[in-house]
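These notes concern the structure reproduced below.
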Amino acid sequence: MNTDNWTYYYKQNAHGDLLPSNILYTPLLNPERDIMCMHYIINENYQGVKEGLTQEVVDFFFQREVKYLKALQHWSFTPDIIEIDEENNKIFIEWNNETLSQIVNNPVRELDQEILNWGEEIFDILKTLKDEGYLKVALYPHCFFMGKDGHMKTIDFYSVMPIEDRFIDRSFIEGMIGKEGAYRFDRSTKDGKIDFLPFLK
């Protein structure tokens, strides 16, 4: 797909500011806002300058995103894959305009009124993943959206991992650790490896 006329997706914070949603990929939306392209590149125009982040790390998480999006396609919370462009590190998935961050961080919108069962839906996602033997550590409001099929969807499958294979060398991903969230990595690192079970908790 040609994404030349597609626009960036930004999450909304509690102050109403629109911010980049992550540092690993550039999220692009088609004009109809029903398809997202996750372009796994270092894009200073979107994320700004992130010293220490390498394309090797971005490629690692691109492969992880592809792997777990495919592995979990049978669940209603996994967005449908439209296309995967391995050569250009692009993944195209179904979309529905906005994530929960645009609702929960808007002073005139009420999540409880717009999505009555949002809590149960998110709980079911986490329980299903746990029962299947997986962790998912990206659980921010901008990691969820209501699908057109009426089911809550979650994104950022690069943060999914089997519980028994939940360790990553910290030195490898040091360049993607931001200052604000570094304490979670610090509390979860032992002998140079990050254990993502305490990280998730």
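The chains in the structure tokens are called A, B, ... from first to last as shown; in each chain the residues are counted from 1, and the ligands are counted from 1 in the order shown.
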Might you pull out every residue within 12 Å of segment 39-41 of chain A, with only C-alpha atoms counted and same-chain residues fewer than 6 positions away left off, and present them as a VMD selection string?
chain A and resid 1 3 6 8 to 9 22 to 29 47 53 to 66 84 to 93 156 158
Based on the selection just made, write N, CA, C and O atoms of those residues as a short mmCIF file (atom, residue, chain, number, x, y, z; two decimals), in the first residue's frame.
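As a result, out27.cif now contains:
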```cif
data_model
loop_
_atom_site.label_atom_id
_atom_site.label_comp_id
_atom_site.auth_asym_id
_atom_site.auth_seq_id
_atom_site.Cartn_x
_atom_site.Cartn_y
_atom_site.Cartn_z
N MET A 1 0.84 -1.19 0.00
CA MET A 1 0.00 0.00 0.00
C MET A 1 0.87 1.24 0.00
O MET A 1 1.91 1.27 0.65
N THR A 3 1.51 4.82 1.29
CA THR A 3 1.14 5.60 2.47
C THR A 3 1.53 7.08 2.34
O THR A 3 1.57 7.79 3.34
N TRP A 6 -0.90 9.46 3.96
CA TRP A 6 -1.39 9.06 5.27
C TRP A 6 -0.85 10.01 6.34
O TRP A 6 0.17 10.66 6.15
N TYR A 8 0.11 10.96 10.58
CA TYR A 8 0.57 10.37 11.83
C TYR A 8 -0.60 10.20 12.81
O TYR A 8 -1.51 11.02 12.84
N TYR A 9 -0.53 9.12 13.60
CA TYR A 9 -1.44 8.99 14.74
C TYR A 9 -0.69 9.45 15.99
O TYR A 9 0.44 9.05 16.23
N ASN A 22 4.80 5.97 20.61
CA ASN A 22 5.88 5.04 20.95
C ASN A 22 7.14 5.47 20.21
O ASN A 22 7.09 6.37 19.38
N ILE A 23 8.25 4.78 20.49
CA ILE A 23 9.50 5.14 19.82
C ILE A 23 9.95 4.07 18.82
O ILE A 23 10.93 4.27 18.12
N LEU A 24 9.24 2.95 18.74
CA LEU A 24 9.69 1.85 17.89
C LEU A 24 9.14 1.91 16.47
O LEU A 24 9.80 1.47 15.54
N TYR A 25 7.95 2.44 16.33
CA TYR A 25 7.37 2.53 14.99
C TYR A 25 6.63 3.84 14.81
O TYR A 25 6.23 4.48 15.77
N THR A 26 6.45 4.21 13.56
CA THR A 26 5.67 5.39 13.21
C THR A 26 4.28 4.92 12.81
O THR A 26 4.13 4.21 11.82
N PRO A 27 3.24 5.31 13.57
CA PRO A 27 1.88 4.90 13.21
C PRO A 27 1.28 5.87 12.20
O PRO A 27 1.23 7.08 12.43
N LEU A 28 0.86 5.34 11.08
CA LEU A 28 0.26 6.14 10.01
C LEU A 28 -1.18 5.69 9.79
O LEU A 28 -1.47 4.48 9.80
N LEU A 29 -2.08 6.65 9.58
CA LEU A 29 -3.48 6.34 9.34
C LEU A 29 -3.87 6.75 7.93
O LEU A 29 -3.48 7.83 7.45
N GLN A 47 9.11 10.77 16.38
CA GLN A 47 9.49 10.54 17.77
C GLN A 47 10.46 11.58 18.34
O GLN A 47 10.64 11.66 19.54
N LEU A 53 19.04 4.52 20.36
CA LEU A 53 18.14 3.59 19.68
C LEU A 53 18.74 3.21 18.33
O LEU A 53 19.13 4.07 17.56
N THR A 54 18.81 1.92 18.05
CA THR A 54 19.39 1.43 16.80
C THR A 54 18.34 0.74 15.94
O THR A 54 17.32 0.26 16.45
N GLN A 55 18.60 0.68 14.66
CA GLN A 55 17.69 -0.02 13.76
C GLN A 55 17.65 -1.50 14.08
O GLN A 55 16.63 -2.17 13.87
N GLU A 56 18.74 -2.03 14.63
CA GLU A 56 18.76 -3.45 15.03
C GLU A 56 17.68 -3.72 16.08
O GLU A 56 16.97 -4.74 16.01
N VAL A 57 17.54 -2.82 17.05
CA VAL A 57 16.51 -2.99 18.07
C VAL A 57 15.13 -2.84 17.46
O VAL A 57 14.20 -3.61 17.75
N VAL A 58 14.95 -1.84 16.59
CA VAL A 58 13.67 -1.63 15.92
C VAL A 58 13.29 -2.87 15.10
O VAL A 58 12.15 -3.32 15.13
N ASP A 59 14.25 -3.44 14.39
CA ASP A 59 13.99 -4.65 13.60
C ASP A 59 13.60 -5.82 14.49
O ASP A 59 12.72 -6.62 14.14
N PHE A 60 14.26 -5.95 15.65
CA PHE A 60 13.94 -7.02 16.60
C PHE A 60 12.47 -6.94 17.02
O PHE A 60 11.75 -7.95 17.03
N PHE A 61 12.02 -5.74 17.34
CA PHE A 61 10.64 -5.59 17.80
C PHE A 61 9.64 -5.65 16.64
O PHE A 61 8.48 -6.06 16.85
N PHE A 62 10.06 -5.31 15.43
CA PHE A 62 9.22 -5.53 14.26
C PHE A 62 8.93 -7.02 14.10
O PHE A 62 7.76 -7.42 13.90
N GLN A 63 9.96 -7.83 14.19
CA GLN A 63 9.78 -9.28 14.06
C GLN A 63 8.90 -9.83 15.18
O GLN A 63 8.08 -10.73 14.95
N ARG A 64 9.04 -9.27 16.37
CA ARG A 64 8.20 -9.71 17.49
C ARG A 64 6.74 -9.32 17.24
O ARG A 64 5.82 -10.10 17.51
N GLU A 65 6.53 -8.10 16.73
CA GLU A 65 5.17 -7.65 16.40
C GLU A 65 4.52 -8.59 15.39
O GLU A 65 3.38 -9.02 15.57
N VAL A 66 5.24 -8.91 14.32
CA VAL A 66 4.72 -9.80 13.29
C VAL A 66 4.40 -11.17 13.90
O VAL A 66 3.32 -11.74 13.67
N ILE A 84 1.39 -7.37 5.42
CA ILE A 84 2.71 -7.25 6.06
C ILE A 84 3.74 -7.08 4.96
O ILE A 84 3.85 -7.91 4.06
N ASP A 85 4.48 -5.98 5.05
CA ASP A 85 5.54 -5.68 4.09
C ASP A 85 6.88 -5.85 4.83
O ASP A 85 7.39 -4.93 5.43
N GLU A 86 7.39 -7.08 4.79
CA GLU A 86 8.61 -7.41 5.54
C GLU A 86 9.81 -6.63 5.02
O GLU A 86 10.71 -6.27 5.77
N GLU A 87 9.83 -6.38 3.71
CA GLU A 87 10.98 -5.69 3.11
C GLU A 87 11.11 -4.27 3.64
O GLU A 87 12.22 -3.76 3.80
N ASN A 88 9.98 -3.61 3.93
CA ASN A 88 10.00 -2.22 4.37
C ASN A 88 9.58 -2.03 5.83
O ASN A 88 9.34 -0.90 6.25
N ASN A 89 9.49 -3.14 6.59
CA ASN A 89 9.13 -3.07 8.01
C ASN A 89 7.78 -2.39 8.24
O ASN A 89 7.62 -1.59 9.17
N LYS A 90 6.80 -2.72 7.40
CA LYS A 90 5.46 -2.13 7.54
C LYS A 90 4.43 -3.22 7.82
O LYS A 90 4.43 -4.27 7.18
N ILE A 91 3.57 -2.93 8.78
CA ILE A 91 2.46 -3.82 9.11
C ILE A 91 1.18 -3.00 9.01
O ILE A 91 1.06 -1.94 9.64
N PHE A 92 0.20 -3.50 8.26
CA PHE A 92 -1.07 -2.82 8.10
C PHE A 92 -2.14 -3.61 8.85
O PHE A 92 -2.29 -4.82 8.63
N ILE A 93 -2.87 -2.92 9.73
CA ILE A 93 -3.91 -3.58 10.51
C ILE A 93 -5.21 -2.77 10.44
O ILE A 93 -5.21 -1.58 10.10
N ASP A 156 0.23 -3.01 19.71
CA ASP A 156 1.60 -3.08 20.24
C ASP A 156 1.93 -4.49 20.73
O ASP A 156 2.30 -4.71 21.88
N TYR A 158 4.45 -6.04 19.91
CA TYR A 158 5.89 -6.17 20.17
C TYR A 158 6.14 -6.38 21.65
O TYR A 158 7.21 -6.86 22.04
#
```
List every residue of chain A that DSSP, applied to the backbone of this structure, places in strand (DSSP E or B), and write the result as a PyMOL selection string.
chain A and resi 7-8+10-12+18-20+26-29+35-39+81-85+90-94+134-136+144-146+152-154+160-162+167-169+189-190+193-195
Output N, CA and C atoms for every residue in that selection, as a short mmCIF file (atom, residue, chain, number, x, y, z; two decimals), in the first residue's frame.
```
data_model
loop_
_atom_site.label_atom_id
_atom_site.label_comp_id
_atom_site.auth_asym_id
_atom_site.auth_seq_id
_atom_site.Cartn_x
_atom_site.Cartn_y
_atom_site.Cartn_z
N THR A 7 -1.54 10.09 7.45
CA THR A 7 -1.16 11.02 8.52
C THR A 7 -0.71 10.27 9.76
N TYR A 8 0.11 10.96 10.58
CA TYR A 8 0.57 10.37 11.83
C TYR A 8 -0.60 10.20 12.81
N TYR A 10 -1.35 10.27 16.81
CA TYR A 10 -0.79 10.72 18.08
C TYR A 10 -1.73 10.33 19.22
N LYS A 11 -1.17 9.89 20.33
CA LYS A 11 -1.98 9.66 21.53
C LYS A 11 -2.25 11.01 22.20
N GLN A 12 -3.22 11.03 23.10
CA GLN A 12 -3.54 12.24 23.84
C GLN A 12 -3.24 12.01 25.31
N LEU A 18 -1.18 16.23 22.21
CA LEU A 18 -1.01 15.10 21.32
C LEU A 18 0.48 14.76 21.23
N LEU A 19 0.81 13.50 21.52
CA LEU A 19 2.20 13.07 21.62
C LEU A 19 2.44 11.81 20.81
N PRO A 20 3.70 11.55 20.41
CA PRO A 20 4.00 10.28 19.76
C PRO A 20 3.60 9.11 20.65
N THR A 26 6.45 4.21 13.56
CA THR A 26 5.67 5.39 13.21
C THR A 26 4.28 4.92 12.81
N PRO A 27 3.24 5.31 13.57
CA PRO A 27 1.88 4.90 13.21
C PRO A 27 1.28 5.87 12.20
N LEU A 28 0.86 5.34 11.08
CA LEU A 28 0.26 6.14 10.01
C LEU A 28 -1.18 5.69 9.79
N LEU A 29 -2.08 6.65 9.58
CA LEU A 29 -3.48 6.34 9.34
C LEU A 29 -3.87 6.75 7.93
N ILE A 35 -7.48 2.09 8.67
CA ILE A 35 -6.29 1.24 8.55
C ILE A 35 -5.12 1.97 9.19
N MET A 36 -4.36 1.25 9.99
CA MET A 36 -3.12 1.78 10.53
C MET A 36 -1.95 1.05 9.92
N CYS A 37 -0.93 1.81 9.56
CA CYS A 37 0.36 1.24 9.16
C CYS A 37 1.34 1.47 10.29
N MET A 38 1.89 0.39 10.83
CA MET A 38 2.96 0.49 11.82
C MET A 38 4.28 0.36 11.06
N HIS A 39 4.96 1.48 10.90
CA HIS A 39 6.20 1.50 10.13
C HIS A 39 7.37 1.50 11.10
N ILE A 81 -4.95 -8.50 10.44
CA ILE A 81 -3.82 -8.09 9.61
C ILE A 81 -4.32 -7.91 8.18
N ILE A 82 -4.01 -6.76 7.61
CA ILE A 82 -4.38 -6.49 6.22
C ILE A 82 -3.23 -6.81 5.29
N GLU A 83 -2.03 -6.44 5.70
CA GLU A 83 -0.86 -6.70 4.86
C GLU A 83 0.39 -6.58 5.72
N ILE A 84 1.39 -7.37 5.42
CA ILE A 84 2.71 -7.25 6.06
C ILE A 84 3.74 -7.08 4.96
N ASP A 85 4.48 -5.98 5.05
CA ASP A 85 5.54 -5.68 4.09
C ASP A 85 6.88 -5.85 4.83
N LYS A 90 6.80 -2.72 7.40
CA LYS A 90 5.46 -2.13 7.54
C LYS A 90 4.43 -3.22 7.82
N ILE A 91 3.57 -2.93 8.78
CA ILE A 91 2.46 -3.82 9.11
C ILE A 91 1.18 -3.00 9.01
N PHE A 92 0.20 -3.50 8.26
CA PHE A 92 -1.07 -2.82 8.10
C PHE A 92 -2.14 -3.61 8.85
N ILE A 93 -2.87 -2.92 9.73
CA ILE A 93 -3.91 -3.58 10.51
C ILE A 93 -5.21 -2.77 10.44
N GLU A 94 -6.30 -3.44 10.79
CA GLU A 94 -7.58 -2.74 10.90
C GLU A 94 -7.48 -1.66 11.97
N TYR A 134 0.98 -16.01 28.01
CA TYR A 134 1.66 -14.81 27.51
C TYR A 134 1.56 -13.65 28.50
N LEU A 135 2.54 -12.75 28.40
CA LEU A 135 2.48 -11.44 29.02
C LEU A 135 2.33 -10.40 27.92
N LYS A 136 1.69 -9.29 28.25
CA LYS A 136 1.69 -8.11 27.36
C LYS A 136 1.93 -6.91 28.25
N PHE A 144 -5.31 0.50 23.26
CA PHE A 144 -6.62 -0.14 23.11
C PHE A 144 -7.52 0.74 22.26
N PHE A 145 -8.33 0.09 21.44
CA PHE A 145 -9.38 0.81 20.70
C PHE A 145 -10.57 -0.12 20.52
N MET A 146 -11.75 0.46 20.34
CA MET A 146 -12.95 -0.32 20.11
C MET A 146 -13.06 -0.64 18.63
N MET A 152 -13.25 -4.88 21.98
CA MET A 152 -12.05 -4.12 22.29
C MET A 152 -10.86 -4.79 21.61
N LYS A 153 -10.02 -3.98 20.99
CA LYS A 153 -8.80 -4.46 20.36
C LYS A 153 -7.61 -3.90 21.12
N THR A 154 -6.50 -4.61 21.08
CA THR A 154 -5.27 -4.09 21.65
C THR A 154 -4.19 -4.09 20.57
N VAL A 160 4.40 -8.36 23.60
CA VAL A 160 3.91 -9.68 24.00
C VAL A 160 5.08 -10.65 24.07
N MET A 161 5.03 -11.54 25.05
CA MET A 161 6.09 -12.56 25.17
C MET A 161 5.55 -13.74 25.96
N PRO A 162 6.03 -14.95 25.67
CA PRO A 162 5.67 -16.10 26.49
C PRO A 162 6.19 -15.90 27.92
N PHE A 167 12.61 -12.81 29.44
CA PHE A 167 13.83 -12.10 29.81
C PHE A 167 14.49 -11.53 28.56
N ILE A 168 14.98 -10.29 28.68
CA ILE A 168 15.73 -9.65 27.60
C ILE A 168 16.95 -8.98 28.20
N ASP A 169 18.09 -9.10 27.51
CA ASP A 169 19.29 -8.40 27.97
C ASP A 169 19.04 -6.90 27.96
N THR A 189 15.31 -5.35 36.63
CA THR A 189 16.58 -5.82 36.09
C THR A 189 17.39 -6.53 37.16
N LYS A 190 17.87 -7.71 36.83
CA LYS A 190 18.75 -8.47 37.72
C LYS A 190 19.79 -9.17 36.87
N LYS A 193 19.66 -8.69 33.08
CA LYS A 193 18.49 -9.11 32.32
C LYS A 193 17.22 -8.50 32.92
N ILE A 194 16.31 -8.09 32.04
CA ILE A 194 15.03 -7.57 32.48
C ILE A 194 14.05 -8.73 32.56
N ASP A 195 13.43 -8.86 33.74
CA ASP A 195 12.37 -9.85 33.94
C ASP A 195 11.05 -9.10 33.79
#
```
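Every protein, DNA or RNA residue with an atom at most 8 Å from segment 117-125 of chain A, where only C-alpha atoms count and chain neighbours fewer than 5 positions away do not, is listed here: Phe77, Leu111, Asp112, His151 and Met152 of chain A.
The coordinates place atom CA of Ser159 of chain A at 17.8 Å from atom CA of Ile42 of chain A.
Residue neighbourhood of Asp186 of chain A, excluding near-sequence residues (fewer than 2 positions): Arg170, Glu174, Ile177, Gly178, Lys179, Glu180, Gly181, Ala182, Tyr183, Arg184, Ser188, Thr189, Lys190, Asp191, Gly192, Lys193, Ile194, Asp195, Phe196, Pro198 and Phe199 of chain A, at 12 Å, using only C-alpha atoms.
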Which is closest to Leu69 of chain A among A:Gly175, A:Trp95, A:Phe157, A:Ala138, if we use only C-alpha atoms?
A:Phe157
